[in-house]
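Novice: Pasting coords-v4.cif here (mmCIF, C-alpha atoms):
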```cif
data_final
loop_
_atom_site.label_atom_id
_atom_site.label_comp_id
_atom_site.auth_asym_id
_atom_site.auth_seq_id
_atom_site.Cartn_x
_atom_site.Cartn_y
_atom_site.Cartn_z
CA MET A 252 -88.54 -20.44 53.67
CA LYS A 253 -89.07 -23.91 52.19
CA VAL A 254 -86.08 -26.01 51.21
CA LEU A 255 -86.30 -29.31 49.33
CA LEU A 256 -83.74 -32.01 50.13
CA ALA A 257 -83.55 -34.04 46.92
CA SER A 258 -83.13 -37.47 48.49
CA ARG A 259 -85.30 -40.50 49.23
CA ASN A 260 -82.73 -42.13 51.50
CA ALA A 261 -84.40 -41.95 54.92
CA LYS A 262 -81.14 -42.18 56.88
CA LYS A 263 -79.48 -39.52 54.77
CA LEU A 264 -82.54 -37.25 55.05
CA ALA A 265 -82.52 -37.58 58.84
CA GLU A 266 -78.81 -36.69 58.90
CA LEU A 267 -79.26 -33.69 56.59
CA ARG A 268 -82.23 -32.36 58.60
CA ARG A 269 -80.26 -32.77 61.81
CA ILE A 270 -77.36 -30.76 60.35
CA LEU A 271 -79.43 -28.07 58.59
CA ALA A 272 -82.06 -27.38 61.24
CA PRO A 273 -79.88 -25.45 63.72
CA GLU A 274 -78.15 -23.53 60.92
CA VAL A 275 -81.27 -22.22 59.20
CA PRO A 276 -83.88 -21.61 61.96
CA GLY A 277 -87.40 -21.40 60.69
CA ALA A 278 -86.70 -23.16 57.42
CA GLU A 279 -89.19 -25.87 56.49
CA VAL A 280 -87.16 -28.80 55.19
CA LEU A 281 -89.02 -31.11 52.80
CA GLY A 282 -87.94 -34.47 51.35
CA LEU A 283 -88.71 -35.84 47.90
CA ASP A 284 -91.68 -37.72 49.32
CA ASP A 285 -93.24 -34.36 50.28
CA VAL A 286 -93.40 -33.04 46.72
CA GLU A 287 -95.06 -34.29 43.54
CA ARG A 288 -93.29 -37.41 42.33
CA TYR A 289 -90.95 -37.15 39.35
CA ASP A 290 -88.71 -39.64 37.58
CA GLU A 291 -85.18 -39.13 38.80
CA VAL A 292 -82.39 -39.47 36.25
CA PRO A 293 -79.56 -41.87 37.06
CA GLU A 294 -76.55 -40.42 38.88
CA SER A 295 -74.32 -40.77 35.87
CA GLY A 296 -71.87 -37.95 36.64
CA ALA A 297 -68.15 -38.56 36.79
CA THR A 298 -67.72 -36.50 39.97
CA PHE A 299 -69.55 -35.94 43.25
CA ALA A 300 -70.15 -32.29 42.27
CA ASP A 301 -71.65 -33.31 38.90
CA ASN A 302 -74.11 -35.62 40.61
CA ALA A 303 -75.03 -33.21 43.40
CA LEU A 304 -75.75 -30.44 40.87
CA LEU A 305 -77.68 -32.84 38.65
CA LYS A 306 -79.96 -33.84 41.53
CA ALA A 307 -80.40 -30.30 42.87
CA ARG A 308 -81.20 -28.88 39.40
CA GLU A 309 -83.69 -31.66 38.81
CA GLY A 310 -85.40 -31.04 42.17
CA PHE A 311 -85.63 -27.33 41.53
CA ALA A 312 -86.92 -27.81 37.96
CA HIS A 313 -89.73 -30.07 39.17
CA SER A 314 -90.68 -28.40 42.45
CA GLY A 315 -89.79 -24.74 41.98
CA LEU A 316 -88.37 -24.90 45.51
CA LEU A 317 -84.87 -23.97 46.60
CA THR A 318 -83.27 -27.40 46.45
CA VAL A 319 -80.34 -28.96 48.26
CA ALA A 320 -78.78 -32.23 47.10
CA ASP A 321 -75.66 -34.04 48.12
CA ASP A 322 -73.57 -36.73 46.54
CA SER A 323 -71.19 -38.44 48.90
CA GLY A 324 -68.96 -41.42 48.90
CA LEU A 325 -65.95 -43.24 50.14
CA THR A 326 -62.64 -42.87 48.34
CA VAL A 327 -60.12 -45.61 49.09
CA ALA A 328 -56.48 -45.03 48.15
CA ALA A 329 -55.81 -48.70 47.37
CA LEU A 330 -58.84 -48.66 45.03
CA ASN A 331 -57.54 -45.54 43.21
CA GLY A 332 -60.20 -43.41 44.88
CA MET A 333 -63.09 -45.75 44.22
CA PRO A 334 -65.90 -46.65 45.13
CA GLY A 335 -66.22 -42.83 44.77
CA VAL A 336 -69.34 -41.83 42.86
CA LEU A 337 -70.32 -45.51 42.72
CA SER A 338 -70.29 -45.91 46.54
CA ALA A 339 -74.04 -46.58 46.85
CA ARG A 340 -73.99 -49.27 44.14
CA TRP A 341 -70.50 -50.73 44.46
CA SER A 342 -71.77 -54.30 44.80
CA GLY A 343 -74.17 -53.78 41.89
CA ARG A 344 -77.07 -53.63 44.35
CA HIS A 345 -78.06 -49.99 44.83
CA GLY A 346 -78.33 -49.00 48.47
CA ASP A 347 -77.31 -52.39 49.90
CA ASP A 348 -74.92 -50.96 52.50
CA ASP A 349 -73.88 -54.33 53.88
CA ALA A 350 -73.12 -55.86 50.45
CA ASN A 351 -71.19 -52.72 49.46
CA LEU A 352 -68.94 -52.59 52.51
CA ARG A 353 -68.40 -56.37 52.50
CA LEU A 354 -67.24 -56.12 48.89
CA VAL A 355 -64.74 -53.36 49.71
CA LEU A 356 -63.36 -55.45 52.58
CA ALA A 357 -63.10 -58.53 50.35
CA GLN A 358 -61.34 -56.55 47.62
CA LEU A 359 -58.80 -55.29 50.17
CA SER A 360 -58.24 -58.62 51.93
CA ASP A 361 -54.65 -58.92 50.62
CA THR A 362 -53.87 -55.20 50.94
CA PRO A 363 -51.48 -54.43 53.83
CA ASP A 364 -52.87 -52.48 56.80
CA ASP A 365 -50.68 -49.48 56.05
CA ARG A 366 -52.45 -49.05 52.70
CA LEU A 367 -56.01 -48.82 54.06
CA GLY A 368 -56.15 -45.01 53.93
CA ALA A 369 -59.53 -43.63 52.87
CA ALA A 370 -61.64 -40.51 52.94
CA PHE A 371 -65.31 -39.65 52.85
CA VAL A 372 -66.17 -36.89 50.39
CA CYS A 373 -69.39 -34.90 50.13
CA ALA A 374 -70.43 -32.47 47.42
CA ALA A 375 -73.46 -30.44 48.48
CA ALA A 376 -75.32 -28.36 45.89
CA LEU A 377 -77.94 -25.66 46.31
CA VAL A 378 -80.02 -24.61 43.30
CA GLY A 379 -82.65 -21.88 43.24
CA ALA A 380 -84.20 -19.29 40.98
CA ASP A 381 -81.23 -16.99 41.27
CA GLY A 382 -78.34 -19.36 40.85
CA GLU A 383 -76.48 -22.35 42.15
CA ILE A 384 -73.57 -23.18 44.41
CA VAL A 385 -71.73 -26.41 45.16
CA VAL A 386 -69.42 -27.08 48.12
CA GLU A 387 -67.12 -30.07 48.54
CA ALA A 388 -65.69 -31.28 51.86
CA SER A 389 -63.92 -34.40 53.05
CA MET A 390 -63.10 -36.40 56.17
CA ARG A 391 -59.84 -38.37 56.14
CA GLY A 392 -59.22 -41.63 57.92
CA ARG A 393 -58.66 -45.33 57.39
CA LEU A 394 -60.64 -48.52 56.97
CA VAL A 395 -60.92 -51.32 59.51
CA ARG A 396 -61.35 -54.95 58.46
CA GLU A 397 -64.51 -55.68 60.47
CA PRO A 398 -67.64 -53.48 60.61
CA ARG A 399 -68.33 -51.93 64.04
CA GLY A 400 -71.32 -49.94 65.24
CA HIS A 401 -74.85 -49.32 64.03
CA ASN A 402 -75.03 -45.54 63.82
CA GLY A 403 -74.91 -43.79 60.48
CA PHE A 404 -75.17 -45.68 57.20
CA GLY A 405 -73.17 -46.65 54.13
CA TYR A 406 -69.55 -47.34 54.93
CA ASP A 407 -69.67 -45.73 58.41
CA PRO A 408 -69.08 -49.06 60.24
CA ILE A 409 -65.69 -49.67 58.53
CA PHE A 410 -64.31 -46.10 58.64
CA VAL A 411 -62.25 -44.55 61.45
CA ALA A 412 -61.60 -40.81 61.12
CA ASP A 413 -58.11 -39.42 61.74
CA GLY A 414 -57.65 -38.79 65.46
CA PHE A 415 -60.37 -41.27 66.47
CA GLU A 416 -60.47 -44.92 67.52
CA LEU A 417 -64.20 -45.48 67.11
CA THR A 418 -65.69 -46.11 63.67
CA ASN A 419 -68.21 -43.63 62.30
CA GLY A 420 -70.79 -46.33 63.02
CA GLU A 421 -69.84 -46.21 66.72
CA LEU A 422 -69.55 -42.42 67.02
CA ASP A 423 -72.34 -40.42 68.58
CA PRO A 424 -74.21 -38.82 65.63
CA ALA A 425 -73.63 -35.26 66.87
CA LYS A 426 -69.90 -35.96 67.17
CA LYS A 427 -69.85 -37.44 63.68
CA ASP A 428 -71.69 -34.42 62.23
CA ALA A 429 -69.13 -32.08 63.79
CA ILE A 430 -66.28 -33.66 61.81
CA SER A 431 -67.97 -35.32 58.87
CA HIS A 432 -67.66 -34.51 55.18
CA ARG A 433 -71.44 -34.07 55.04
CA GLY A 434 -71.53 -31.91 58.16
CA LYS A 435 -68.83 -29.59 56.86
CA ALA A 436 -70.32 -29.25 53.37
CA MET A 437 -73.90 -28.82 54.54
CA ARG A 438 -73.00 -26.24 57.19
CA ALA A 439 -71.18 -24.22 54.52
CA LEU A 440 -74.31 -24.37 52.33
CA ALA A 441 -76.54 -23.47 55.28
CA ARG A 442 -74.43 -20.44 56.13
CA HIS A 443 -74.70 -19.33 52.52
CA LEU A 444 -78.44 -19.89 52.69
CA ALA A 445 -78.82 -17.94 55.95
CA GLU A 446 -76.78 -15.01 54.64
CA ASN A 447 -78.58 -14.87 51.29
CA GLU A 448 -82.07 -15.81 52.36
CA GLY A 449 -84.42 -15.47 49.45
CA ALA A 450 -81.66 -14.04 47.28
CA LEU A 451 -79.59 -17.03 46.26
CA MET B 9 -32.90 -74.12 28.78
CA LYS B 10 -35.61 -74.58 31.41
CA VAL B 11 -37.95 -71.71 32.18
CA LEU B 12 -40.49 -71.72 35.02
CA LEU B 13 -43.79 -69.91 34.48
CA ALA B 14 -44.87 -68.93 38.00
CA SER B 15 -48.61 -69.47 37.58
CA ARG B 16 -51.19 -72.10 38.46
CA ASN B 17 -53.88 -70.63 36.22
CA ALA B 18 -54.27 -73.29 33.51
CA LYS B 19 -55.70 -70.88 30.95
CA LYS B 20 -53.00 -68.32 31.55
CA LEU B 21 -50.30 -71.01 31.39
CA ALA B 22 -51.64 -72.23 28.04
CA GLU B 23 -51.62 -68.69 26.70
CA LEU B 24 -48.09 -67.98 27.95
CA ARG B 25 -46.73 -71.25 26.51
CA ARG B 26 -48.39 -70.48 23.19
CA ILE B 27 -46.74 -67.05 23.09
CA LEU B 28 -43.31 -68.08 24.38
CA ALA B 29 -42.79 -71.34 22.45
CA PRO B 30 -42.12 -69.84 18.99
CA GLU B 31 -39.96 -67.09 20.47
CA VAL B 32 -37.57 -69.30 22.43
CA PRO B 33 -37.22 -72.53 20.43
CA GLY B 34 -35.93 -75.45 22.44
CA ALA B 35 -36.84 -73.95 25.80
CA GLU B 36 -38.57 -76.33 28.19
CA VAL B 37 -41.40 -74.34 29.76
CA LEU B 38 -42.54 -75.60 33.18
CA GLY B 39 -45.52 -74.54 35.28
CA LEU B 40 -45.72 -74.32 39.07
CA ASP B 41 -47.22 -77.79 39.19
CA ASP B 42 -44.00 -79.17 37.65
CA VAL B 43 -41.75 -78.01 40.50
CA GLU B 44 -41.70 -78.69 44.23
CA ARG B 45 -44.68 -77.03 45.86
CA TYR B 46 -44.14 -73.84 47.87
CA ASP B 47 -46.49 -71.48 49.66
CA GLU B 48 -47.11 -68.49 47.43
CA VAL B 49 -47.34 -65.10 49.11
CA PRO B 50 -50.44 -62.99 48.37
CA GLU B 51 -50.20 -60.58 45.44
CA SER B 52 -50.20 -57.55 47.70
CA GLY B 53 -48.29 -55.15 45.45
CA ALA B 54 -49.71 -51.79 44.50
CA THR B 55 -48.72 -52.17 40.82
CA PHE B 56 -48.69 -54.87 38.17
CA ALA B 57 -44.88 -54.66 38.06
CA ASP B 58 -44.60 -55.11 41.85
CA ASN B 59 -46.69 -58.26 41.69
CA ALA B 60 -44.98 -59.73 38.63
CA LEU B 61 -41.55 -59.25 40.23
CA LEU B 62 -42.79 -60.63 43.53
CA LYS B 63 -44.01 -63.83 41.85
CA ALA B 64 -40.95 -64.23 39.62
CA ARG B 65 -38.51 -63.68 42.51
CA GLU B 66 -40.41 -66.18 44.61
CA GLY B 67 -40.38 -68.77 41.81
CA PHE B 68 -36.65 -68.34 41.27
CA ALA B 69 -35.88 -68.46 45.00
CA HIS B 70 -37.73 -71.75 45.40
CA SER B 71 -36.83 -73.51 42.14
CA GLY B 72 -33.47 -72.08 41.15
CA LEU B 73 -34.87 -71.90 37.61
CA LEU B 74 -35.05 -68.85 35.39
CA THR B 75 -38.59 -67.73 36.21
CA VAL B 76 -41.15 -65.74 34.26
CA ALA B 77 -44.25 -64.30 35.95
CA ASP B 78 -46.89 -61.94 34.78
CA ASP B 79 -49.43 -59.80 36.52
CA SER B 80 -52.19 -58.53 34.31
CA GLY B 81 -55.47 -56.82 34.66
CA LEU B 82 -58.17 -54.62 33.30
CA THR B 83 -58.04 -50.87 33.94
CA VAL B 84 -61.35 -49.08 33.45
CA ALA B 85 -61.32 -45.30 33.13
CA ALA B 86 -64.70 -44.86 34.84
CA LEU B 87 -63.38 -46.94 37.77
CA ASN B 88 -60.24 -44.76 38.08
CA GLY B 89 -58.12 -47.53 36.58
CA MET B 90 -59.54 -50.33 38.73
CA PRO B 91 -60.01 -53.35 38.94
CA GLY B 92 -56.28 -53.06 38.13
CA VAL B 93 -54.15 -55.25 40.38
CA LEU B 94 -57.35 -56.60 41.94
CA SER B 95 -58.75 -57.84 38.61
CA ALA B 96 -58.67 -61.54 39.54
CA ARG B 97 -60.47 -60.96 42.86
CA TRP B 98 -62.68 -57.96 42.09
CA SER B 99 -65.85 -59.69 43.27
CA GLY B 100 -64.07 -60.93 46.40
CA ARG B 101 -63.98 -64.45 44.92
CA HIS B 102 -60.48 -65.07 43.58
CA GLY B 103 -60.46 -66.38 40.04
CA ASP B 104 -64.24 -66.31 39.54
CA ASP B 105 -64.12 -64.74 36.05
CA ASP B 106 -67.87 -64.61 35.63
CA ALA B 107 -68.55 -62.96 39.01
CA ASN B 108 -65.74 -60.47 38.38
CA LEU B 109 -66.92 -59.32 34.97
CA ARG B 110 -70.58 -59.27 36.04
CA LEU B 111 -69.64 -56.99 38.92
CA VAL B 112 -67.79 -54.56 36.62
CA LEU B 113 -70.83 -54.44 34.32
CA ALA B 114 -73.19 -53.86 37.26
CA GLN B 115 -70.96 -51.09 38.63
CA LEU B 116 -71.00 -49.36 35.22
CA SER B 117 -74.73 -49.81 34.56
CA ASP B 118 -75.42 -46.05 34.87
CA THR B 119 -72.18 -44.97 33.17
CA PRO B 120 -72.76 -43.58 29.66
CA ASP B 121 -71.42 -45.59 26.70
CA ASP B 122 -68.88 -42.92 25.83
CA ARG B 123 -67.18 -43.46 29.22
CA LEU B 124 -66.58 -47.20 28.86
CA GLY B 125 -62.94 -46.84 27.79
CA ALA B 126 -60.64 -49.51 29.24
CA ALA B 127 -57.27 -51.12 28.73
CA PHE B 128 -55.67 -54.43 29.51
CA VAL B 129 -52.23 -54.11 31.09
CA CYS B 130 -49.59 -56.80 31.56
CA ALA B 131 -46.37 -56.61 33.51
CA ALA B 132 -44.09 -59.53 32.71
CA ALA B 133 -41.06 -60.18 34.88
CA LEU B 134 -38.06 -62.45 34.34
CA VAL B 135 -35.81 -63.29 37.29
CA GLY B 136 -32.67 -65.41 37.17
CA ALA B 137 -29.29 -65.84 38.78
CA ASP B 138 -27.85 -62.85 36.97
CA GLY B 139 -30.58 -60.27 37.37
CA GLU B 140 -34.14 -59.32 36.65
CA ILE B 141 -36.15 -57.43 34.08
CA VAL B 142 -39.78 -56.35 33.96
CA VAL B 143 -41.71 -55.22 30.86
CA GLU B 144 -45.13 -53.57 30.82
CA ALA B 145 -47.46 -53.44 27.83
CA SER B 146 -51.09 -52.56 27.26
CA MET B 147 -53.98 -53.04 24.85
CA ARG B 148 -56.51 -50.20 24.64
CA GLY B 149 -60.19 -50.60 23.91
CA ARG B 150 -63.64 -50.33 25.42
CA LEU B 151 -66.10 -52.46 27.36
CA VAL B 152 -69.35 -53.89 26.04
CA ARG B 153 -72.37 -54.40 28.29
CA GLU B 154 -72.93 -58.10 27.54
CA PRO B 155 -70.23 -60.81 27.55
CA ARG B 156 -69.56 -62.37 24.13
CA GLY B 157 -67.37 -65.34 23.20
CA HIS B 158 -65.70 -68.18 25.06
CA ASN B 159 -62.05 -67.82 24.08
CA GLY B 160 -59.55 -66.40 26.50
CA PHE B 161 -60.38 -65.82 30.16
CA GLY B 162 -60.88 -63.09 32.72
CA TYR B 163 -62.52 -60.02 31.24
CA ASP B 164 -61.93 -61.07 27.60
CA PRO B 165 -65.68 -61.50 26.83
CA ILE B 166 -66.49 -57.86 27.68
CA PHE B 167 -63.48 -56.16 26.06
CA VAL B 168 -63.23 -54.93 22.45
CA ALA B 169 -59.78 -53.75 21.37
CA ASP B 170 -59.38 -50.51 19.42
CA GLY B 171 -59.92 -51.20 15.72
CA PHE B 172 -61.91 -54.38 16.35
CA GLU B 173 -65.60 -55.26 16.60
CA LEU B 174 -65.21 -58.71 18.16
CA THR B 175 -64.55 -59.08 21.87
CA ASN B 176 -61.31 -60.69 23.00
CA GLY B 177 -63.50 -63.66 23.91
CA GLU B 178 -64.57 -63.97 20.27
CA LEU B 179 -61.17 -63.34 18.68
CA ASP B 180 -59.11 -66.21 17.38
CA PRO B 181 -56.41 -66.83 20.05
CA ALA B 182 -53.54 -66.23 17.62
CA LYS B 183 -55.08 -62.93 16.56
CA LYS B 184 -55.52 -61.92 20.19
CA ASP B 185 -51.91 -62.81 21.03
CA ALA B 186 -50.69 -60.62 18.16
CA ILE B 187 -52.24 -57.50 19.70
CA SER B 188 -52.64 -58.34 23.36
CA HIS B 189 -50.95 -56.77 26.37
CA ARG B 190 -49.69 -60.21 27.36
CA GLY B 191 -48.49 -61.02 23.86
CA LYS B 192 -46.55 -57.78 23.59
CA ALA B 193 -44.97 -58.01 27.04
CA MET B 194 -44.10 -61.71 26.80
CA ARG B 195 -42.58 -61.38 23.33
CA ALA B 196 -40.36 -58.58 24.62
CA LEU B 197 -39.24 -60.82 27.47
CA ALA B 198 -38.71 -63.75 25.11
CA ARG B 199 -36.54 -61.66 22.79
CA HIS B 200 -34.48 -60.61 25.79
CA LEU B 201 -34.21 -64.26 26.83
CA ALA B 202 -33.21 -65.40 23.34
CA GLU B 203 -30.55 -62.71 23.04
CA ASN B 204 -29.14 -63.27 26.50
CA GLU B 205 -29.54 -67.02 26.80
CA GLY B 206 -27.82 -68.19 29.95
CA ALA B 207 -26.57 -64.69 30.69
CA LEU B 208 -29.59 -62.80 31.97
#
```
So, in terms of structure tokens, how does the structure I just supplied come out?

Specialist:
Amino acid sequence: MKVLLASRNAKKLAELRRILAPEVPGAEVLGLDDVERYDEVPESGATFADNALLKAREGFAHSGLLTVADDSGLTVAALNGMPGVLSARWSGRHGDDDANLRLVLAQLSDTPDDRLGAAFVCAAALVGADGEIVVEASMRGRLVREPRGHNGFGYDPIFVADGFELTNGELDPAKKDAISHRGKAMRALARHLAENEGAL
Amino acid sequence: MKVLLASRNAKKLAELRRILAPEVPGAEVLGLDDVERYDEVPESGATFADNALLKAREGFAHSGLLTVADDSGLTVAALNGMPGVLSARWSGRHGDDDANLRLVLAQLSDTPDDRLGAAFVCAAALVGADGEIVVEASMRGRLVREPRGHNGFGYDPIFVADGFELTNGELDPAKKDAISHRGKAMRALARHLAENEGAL
């Protein structure tokens, strides 16, 4: 079975492969760079699920392959749930993780510590010839005022999950996957995939 | 009657004086620079009303004068109501109007035109020896993708009020005051002040 992961983000692809591989043995997991290039539409959806479905439908339409896409982000209570779907471009510079997390910290500089609650959310979509499914999962925690650690990507260095002291950027990747929004959502998709192989 | 406007923002002070003067004839309107200097606490409230009250209470506590303060901001639907209370420091640089509005435009660059709805909100608080009152008012409209006009301040150049084609930055100041969030809230406070002179 071939599965397309509709992403060009190398760090996200590595994380998704790492999560999917043990769940769907024998699946060949391709990235967007492994299929014929197409123009991706902007992620203009109002929700994570909208964007994940948009990307998975687009990947399937162009490649004909069973396609998985995720849209993930950080929701900060004191920012009314933003950066949300704009997490990757919060600073206006798409994919500039450092600028994005620095901006969030600057915006919250006068916000008291007890209002730094946040959550990571992931919507993971699977689209194939026979239908589509989208799963949403979250990881709750709080922000810290200084980035710590170099694992992961995005806002990982400023996020501490409930029950932990280390930031996601300091956590061992396998430990992060076990509790992360993306781990939970992707494992649910993978189980669906394994149970419905070829018959999504 | 002396009234203290608890603000150091010259453009906001000019606007508040312009609105209040005709409503409370004979009142002497002072700014923070006209009273003994005190250290202002950060605007850490979660709502406009929290921050307006915080600033008005602080002004009254330090000056003994009847004190008016406002907290205002832009709420953008596609940003879940943010920048909100963080409007003046959205870019992380407090009071940098251009950086703040450029950041909002960059964040919304992939958001479709029909999701650019926004509103200005003002909470205006009055605190004196005999009590306190806070009024909240809004002005609904939508954002435009390029700043236009040099009147006003803050996000005025990218905001078009419902029923108008000109941005707030292009509107004649008197016309803006007639419909603005700040105009509506401050006139309500001024009427209260005029009716309860000396007996707030």

Novice: So how far away is atom CA of B:Arg195 from atom CA of B:Pro33, in Å?

Specialist: 12.7 Å

Novice: Can you report as JSON the centre and edge lengths in Å, to one decimal, of an axis-aligned box around the listed atoms of stretch 157-167 of chain B padded with 4 Å on each side?

Specialist:
```
{"center_x": -63.5, "center_y": -62.2, "center_z": 28.0, "size_x": 15.8, "size_y": 20.0, "size_z": 17.5}
```

Novice: Name the residues that the PyMOL selection byres ((chain A) within 6 of (chain B)) pulls out of this structure, and write them as number ranges by chain.

Specialist: A: 295, 331, 341, 343, 357-358, 361-362

Novice: Apply the PyMOL selection byres ((chain A and resi 368) around 7) to the structure shown and report the selected residues as a PyMOL selection string.

Specialist: chain A and resi 327-328+366-367+369+392-394

Novice: Please, which residues in stretch 95-202 of chain B fall within 6 Å of stretch 66-79 of chain B when counting only C-alpha atoms, and what is the closest atom pair and distance in Å to one decimal for each, ordered by chain then residue number, as CSV?

Specialist:
```
residue,atom,partner,partner_atom,distance
B:Cys130,CA,B:Asp79,CA,5.8
B:Ala131,CA,B:Asp79,CA,5.3
B:Ala132,CA,B:Asp78,CA,4.2
B:Ala133,CA,B:Ala77,CA,5.3
B:Leu134,CA,B:Val76,CA,4.5
B:Val135,CA,B:Thr75,CA,5.3
B:Gly136,CA,B:Leu74,CA,4.5
```

Novice: What does the structure give for the distance between atom CA of B:Gly39 and atom CA of B:Lys183, in Å to one decimal?

Specialist: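 Computed distance, atom CA of B:Gly39 to atom CA of B:Lys183, equals 24.0 Å.
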
Novice: Residues within 6 Å of (-78.9, -42.3, 59.8), file coordinates, counting all atoms listed in the file: what are they? Give the list as a list in words.

Specialist: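 Residues found, by chain and rising number: Lys262, Lys263, Glu266, Gly403 and Phe404 of chain A.
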
Novice: For each of A:Ala445, A:Asp349, A:Arg396, A:Tyr289, take the minimum atom-to-atom distance to A:Asp364, counting all atoms listed in the file, then give the residue where this is smallest.

Specialist: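 Ranking A:Ala445, A:Asp349, A:Arg396, A:Tyr289 by distance to A:Asp364, first place goes to A:Arg396.
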
Novice: Which is closest to B:Phe56 among B:Ser146, B:Leu38, B:Asp105, B:Glu44, if we use only C-alpha atoms?

Specialist: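 Going through B:Ser146, B:Leu38, B:Asp105, B:Glu44 one by one, the smallest distance to B:Phe56 is for B:Ser146.
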
Novice: For atom CA of B:Phe128 and atom CA of B:Ser80, determine how far apart the two atoms are, in Å to one decimal place.

Specialist: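 Result for atom CA of B:Phe128 versus atom CA of B:Ser80: 7.2 Å, one decimal.
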
Novice: Output the residue selection produced by the PyMOL selection byres ((chain B and resi 171-180) around 8) on the file above, formatted as a list of chain:residue names.

Specialist: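 This file, filtered by the PyMOL selection byres ((chain B and resi 171-180) around 8), leaves B:Arg156, B:Gly157, B:His158, B:Asn159, B:Gly160, B:Phe161, B:Asp164, B:Pro165, B:Ile166, B:Phe167, B:Val168, B:Ala169, B:Asp170, B:Pro181, B:Ala182, B:Lys183, B:Lys184.
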
Novice: Taking all atoms listed in the file into account, name the residue in A:Leu325, A:Ala388, A:Val395, A:Met252 that is nearest to A:Ala278.

Specialist: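 Smallest separation from A:Ala278 among the options: A:Met252.
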